[in-house]
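K.L.:
Got a structure here, written out as structure tokens. Questions coming.
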Amino acid sequence: MTDFVIEKVAYKGWPNCFRLSNGRIELIVTTDVGPRIIHLSTHDGENIFKLYDELAGQTGGENWVNYGGHRLWHAPEDPVRTYYPDNTAVSFEQNGNSIHFIKQIEPQNGFQKEIEITLHTEKPEATVTHRLINHNLWAVEAAPWALSVMREGGQGFLLHPPRQSHSDCLIPLSSLILWAYTDLGDGRYTFTPRITRLQQQPGAEKPQKIGIQTAEGWCGYHIGNQLFLKQIKPDPHANYPDLGSRMELFTDATMLEVETLGPLTTIQPGQAIEHDERWVLLDNISDPLDDDALISLISSQE
């Protein structure tokens, strides 16, 4: 752990940020707004997250702002409840190689959001725990929704279950989830037996989104020589939002989001629900990366 550090830094106009590094990867989280993880890179490498330069350093305001980086929402998506602004400061607590960021209660909906980051002591990985706390006097049904905004030019992917023969498996194993604006004929999609890919195309006029209901727990983003992997552990017996979606990709003209969801839960007053993502960031990865190579890399992280 000799290379492990948590230190306060200024970053992109936000004066109150924390840098977490283990010598392999580093994350930067601002406490001026959020909670938002605004930087993820290999040691001294380029930020793989999209950060909107014109919004960097900004605080305050009554409208939701997509600064970029990684955030926590609650699903199902609602134009009022989900988009409550995260433009004010958050508090934090440190415990060893973990740091915990805590937002004030959102008065409009009674939720409190927390993100806790635990950095691996040696490997290029971290566990990111997303927590929703219900401070209402009544139960609320919601699901934690973790969204990573990736910088433009790369390719997001969702992993499908291993294929089987017709005679060996007669029942379906997974399903793709489509939105009203999803166009499967759009050239940014690539479909193969094990992987659905969505290319981020700078300047593309029409947004695209796709989700997957699957027992597999891997998704991610590949750009240049960097590969960002997310792992979750879907509950096969739980009810998920968005027609059962566990993982989703969304892209527009400026970025691509890699999203995961937890189960829909009736959250009682005072109760908290959690959703864990395991992050792995690898470098020196070939571009393009074919299916066999990608699956092999994912398998090596199991």
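In the structure tokens, chains take letters A, B, ... by order of appearance, with residues numbered from 1 within each chain and ligands from 1 in the order shown.
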Give me the residues near segment 296-300 of chain A as JSON, numbers by chain, where near means some atom within 8 Å (using only C-alpha atoms) and where sequence neighbours in that chain fewer than 2 positions away do not count.
P.N.:
{"A": [218, 229, 292, 293, 294, 302]}
K.L.:
Would you tabulate, counting only C-alpha atoms, all residues of segment 69-139 of chain A that have an atom at most 9 Å from an atom of segment 54-65 of chain A, showing the closest pair of atoms and their distance in Å to one decimal, sorted by chain then ascending number, as a tab-separated table?
P.N.:
```
residue	atom	partner	partner_atom	distance
A:Tyr83	CA	A:Trp64	CA	5.9
A:Tyr84	CA	A:Trp64	CA	6.1
A:Pro85	CA	A:Trp64	CA	4.1
A:Asp86	CA	A:Trp64	CA	6.6
A:Asn87	CA	A:Gly60	CA	4.8
A:Thr88	CA	A:Gly60	CA	5.9
A:Ala89	CA	A:Thr59	CA	8.3
```
K.L.:
Could you tell me which of A:Glu152, A:Thr182, A:Ile267, A:Ile273 comes closest to Lys113 of chain A if we count only C-alpha atoms?
P.N.:
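That would be A:Ile273, the residue with the smallest distance to Lys113 of chain A.
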K.L.:
Can you tell me, as a list in words, which residues in segment 149-291 of chain A count as alpha helix (DSSP H) by DSSP?
P.N.:
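Taking segment 149-291 of chain A and keeping alpha helix (DSSP H) only, one gets Pro241, Asp242, Leu243, Gly244 and Asp291 of chain A.
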K.L.:
Please list as number ranges by chain every residue within 8 Å of segment 125-135 of chain A, counting only C-alpha atoms and excluding residues in the same chain fewer than 2 positions away.
P.N.:
A: 25, 72, 74, 105, 110-120, 123, 137, 139-140, 144, 146, 267-281
K.L.:
Could you save those same residues with C-alpha atoms as a compact mmCIF listing (two decimals), in the first residue's frame?
P.N.:
```txt
# COMPACT_ATOMS: atom_id res chain seq x y z
CA ILE A 25 -5.46 3.92 -11.17
CA LEU A 72 -26.09 8.23 -8.97
CA HIS A 74 -32.88 6.62 -9.08
CA ILE A 105 -31.59 15.17 1.48
CA GLY A 110 -37.06 12.84 0.26
CA PHE A 111 -34.08 10.82 -1.03
CA GLN A 112 -30.50 11.09 0.12
CA LYS A 113 -27.73 9.87 -2.20
CA GLU A 114 -24.35 8.50 -1.14
CA ILE A 115 -21.38 7.15 -3.09
CA GLU A 116 -18.65 5.22 -1.31
CA ILE A 117 -15.39 4.34 -3.09
CA THR A 118 -13.06 1.60 -1.92
CA LEU A 119 -9.82 1.42 -3.86
CA HIS A 120 -8.05 -1.92 -4.22
CA LYS A 123 -4.93 -3.86 -8.60
CA LEU A 137 -42.59 9.24 6.18
CA ALA A 139 -42.48 3.91 1.53
CA VAL A 140 -41.21 4.66 -1.99
CA PRO A 144 -30.46 2.72 -7.73
CA ALA A 146 -25.39 4.25 -11.69
CA ILE A 267 -37.87 1.39 0.39
CA GLN A 268 -39.37 1.88 3.82
CA PRO A 269 -38.97 5.15 5.77
CA GLY A 270 -35.39 5.37 7.05
CA GLN A 271 -34.28 2.40 4.94
CA ALA A 272 -31.24 2.43 2.65
CA ILE A 273 -30.68 0.31 -0.46
CA GLU A 274 -27.27 -0.30 -2.05
CA HIS A 275 -25.94 -1.07 -5.51
CA ASP A 276 -22.30 -2.10 -6.01
CA GLU A 277 -20.21 -1.73 -9.13
CA ARG A 278 -16.74 -3.20 -9.44
CA TRP A 279 -14.58 -1.06 -11.72
CA VAL A 280 -11.51 -2.30 -13.56
CA LEU A 281 -9.44 0.00 -15.80
```
K.L.:
Which is closest to Gln104 of chain A among A:Trp179, A:Phe250, A:Phe92, A:Phe4, if we use only C-alpha atoms?
P.N.:
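Selected residue with least distance to Gln104 of chain A: A:Phe92.
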K.L.:
Would you kindly return, as a compact mmCIF listing (two decimals) with N, CA and C atoms, in the first residue's frame, each protein, DNA or RNA residue with an atom no farther than 8 Å from any atom of segment 189-204 of chain A, considering only C-alpha atoms and excluding same-chain residues fewer than 5 positions away?
P.N.:
```
# COMPACT_ATOMS: atom_id res chain seq x y z
N GLU A 152 -15.95 11.02 -25.70
CA GLU A 152 -16.39 10.69 -27.04
C GLU A 152 -15.34 9.88 -27.81
N GLY A 153 -15.86 9.09 -28.78
CA GLY A 153 -14.99 8.39 -29.71
C GLY A 153 -14.78 6.92 -29.44
N GLY A 154 -15.29 6.40 -28.32
CA GLY A 154 -15.08 5.00 -27.99
C GLY A 154 -16.31 4.15 -28.27
N GLN A 155 -16.31 2.96 -27.71
CA GLN A 155 -17.37 1.99 -27.97
C GLN A 155 -17.81 1.33 -26.67
N GLY A 156 -19.12 1.46 -26.34
CA GLY A 156 -19.67 0.77 -25.20
C GLY A 156 -20.10 -0.63 -25.57
N PHE A 157 -20.17 -1.50 -24.58
CA PHE A 157 -20.57 -2.88 -24.86
C PHE A 157 -21.32 -3.49 -23.69
N LEU A 158 -22.20 -4.44 -24.03
CA LEU A 158 -22.95 -5.26 -23.08
C LEU A 158 -22.64 -6.72 -23.37
N LEU A 159 -22.43 -7.50 -22.33
CA LEU A 159 -22.07 -8.91 -22.50
C LEU A 159 -23.32 -9.79 -22.42
N HIS A 160 -23.46 -10.69 -23.42
CA HIS A 160 -24.56 -11.65 -23.46
C HIS A 160 -24.12 -12.96 -22.82
N PRO A 161 -25.07 -13.81 -22.41
CA PRO A 161 -24.71 -15.13 -21.91
C PRO A 161 -24.08 -15.99 -23.01
N PRO A 162 -23.30 -17.01 -22.65
CA PRO A 162 -22.76 -17.92 -23.66
C PRO A 162 -23.87 -18.56 -24.48
N ARG A 163 -23.61 -18.71 -25.77
CA ARG A 163 -24.60 -19.33 -26.67
C ARG A 163 -24.65 -20.84 -26.46
N LEU A 184 -32.46 -0.12 -34.33
CA LEU A 184 -31.50 -1.21 -34.46
C LEU A 184 -30.81 -1.22 -35.81
N LEU A 249 -26.80 1.16 -22.34
CA LEU A 249 -25.91 2.09 -23.04
C LEU A 249 -26.75 3.21 -23.64
N THR A 251 -26.12 6.94 -25.95
CA THR A 251 -25.16 7.83 -26.59
C THR A 251 -25.87 8.97 -27.29
N ASP A 252 -25.17 10.11 -27.33
CA ASP A 252 -25.62 11.25 -28.12
C ASP A 252 -24.41 11.80 -28.87
N ALA A 253 -24.47 13.05 -29.28
CA ALA A 253 -23.40 13.61 -30.10
C ALA A 253 -22.11 13.87 -29.35
N THR A 254 -22.16 13.84 -28.01
CA THR A 254 -21.00 14.29 -27.23
C THR A 254 -20.40 13.24 -26.31
N MET A 255 -21.13 12.14 -26.04
CA MET A 255 -20.64 11.18 -25.04
C MET A 255 -21.40 9.87 -25.17
N LEU A 256 -20.97 8.89 -24.36
CA LEU A 256 -21.70 7.63 -24.22
C LEU A 256 -21.76 7.28 -22.74
N ASP A 291 -14.20 -9.95 -30.37
CA ASP A 291 -15.01 -10.55 -29.31
C ASP A 291 -14.21 -11.51 -28.44
```
K.L.:
Enumerate, as a list in words, the complete set of residues in segment 17-63 of chain A that a backbone-based DSSP assignment places in strand (DSSP E).
P.N.:
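Secondary structure check on segment 17-63 of chain A, strand (DSSP E): Cys17, Phe18, Arg19, Leu20, Ser21, Ile25, Glu26, Leu27, Ile28, Val29, Thr30, Arg36, Ile37, Ile38, His39, Leu40, Ser41 and Thr42 of chain A.
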K.L.:
So which one's closest to Ser148 of chain A, A:Leu261, A:Gly34, A:Arg71, A:Arg24? Using only C-alpha atoms, please.
P.N.:
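Smallest separation from Ser148 of chain A among the options: A:Arg71.
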K.L.:
Kindly indicate which residue among A:Pro79, A:Pro172, A:Gly23, A:Pro263 lies nearest to Val5 of chain A, using only C-alpha atoms for the distances.
P.N.:
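Answer, going by the shortest atom-to-atom distance: A:Gly23.
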K.L.:
Which of these, A:Ser98, A:Asn22, A:Ile285, A:Gln108, has the shortest distance to Glu122 of chain A once you count only C-alpha atoms?
P.N.:
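Going through A:Ser98, A:Asn22, A:Ile285, A:Gln108 one by one, the smallest distance to Glu122 of chain A is for A:Asn22.
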K.L.:
Find the residue from A:Ile295, A:Ile48, A:Leu173, A:Ile37 that sits nearest to His70 of chain A; use only C-alpha atoms when measuring.
P.N.:
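Smallest separation from His70 of chain A among the options: A:Ile37.
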K.L.:
Quick check, in Å to one decimal: how far apart do atom CA of Leu282 of chain A and atom CA of Asn225 of chain A lie?
P.N.:
8.2 Å
K.L.:
Contacts of Pro236 of chain A at 10 Å or less, counting only C-alpha atoms, minus same-chain residues fewer than 6 places along, as a list in words?
P.N.:
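Returned residues: Gln213, Thr214, Ala215 and Pro263 of chain A.
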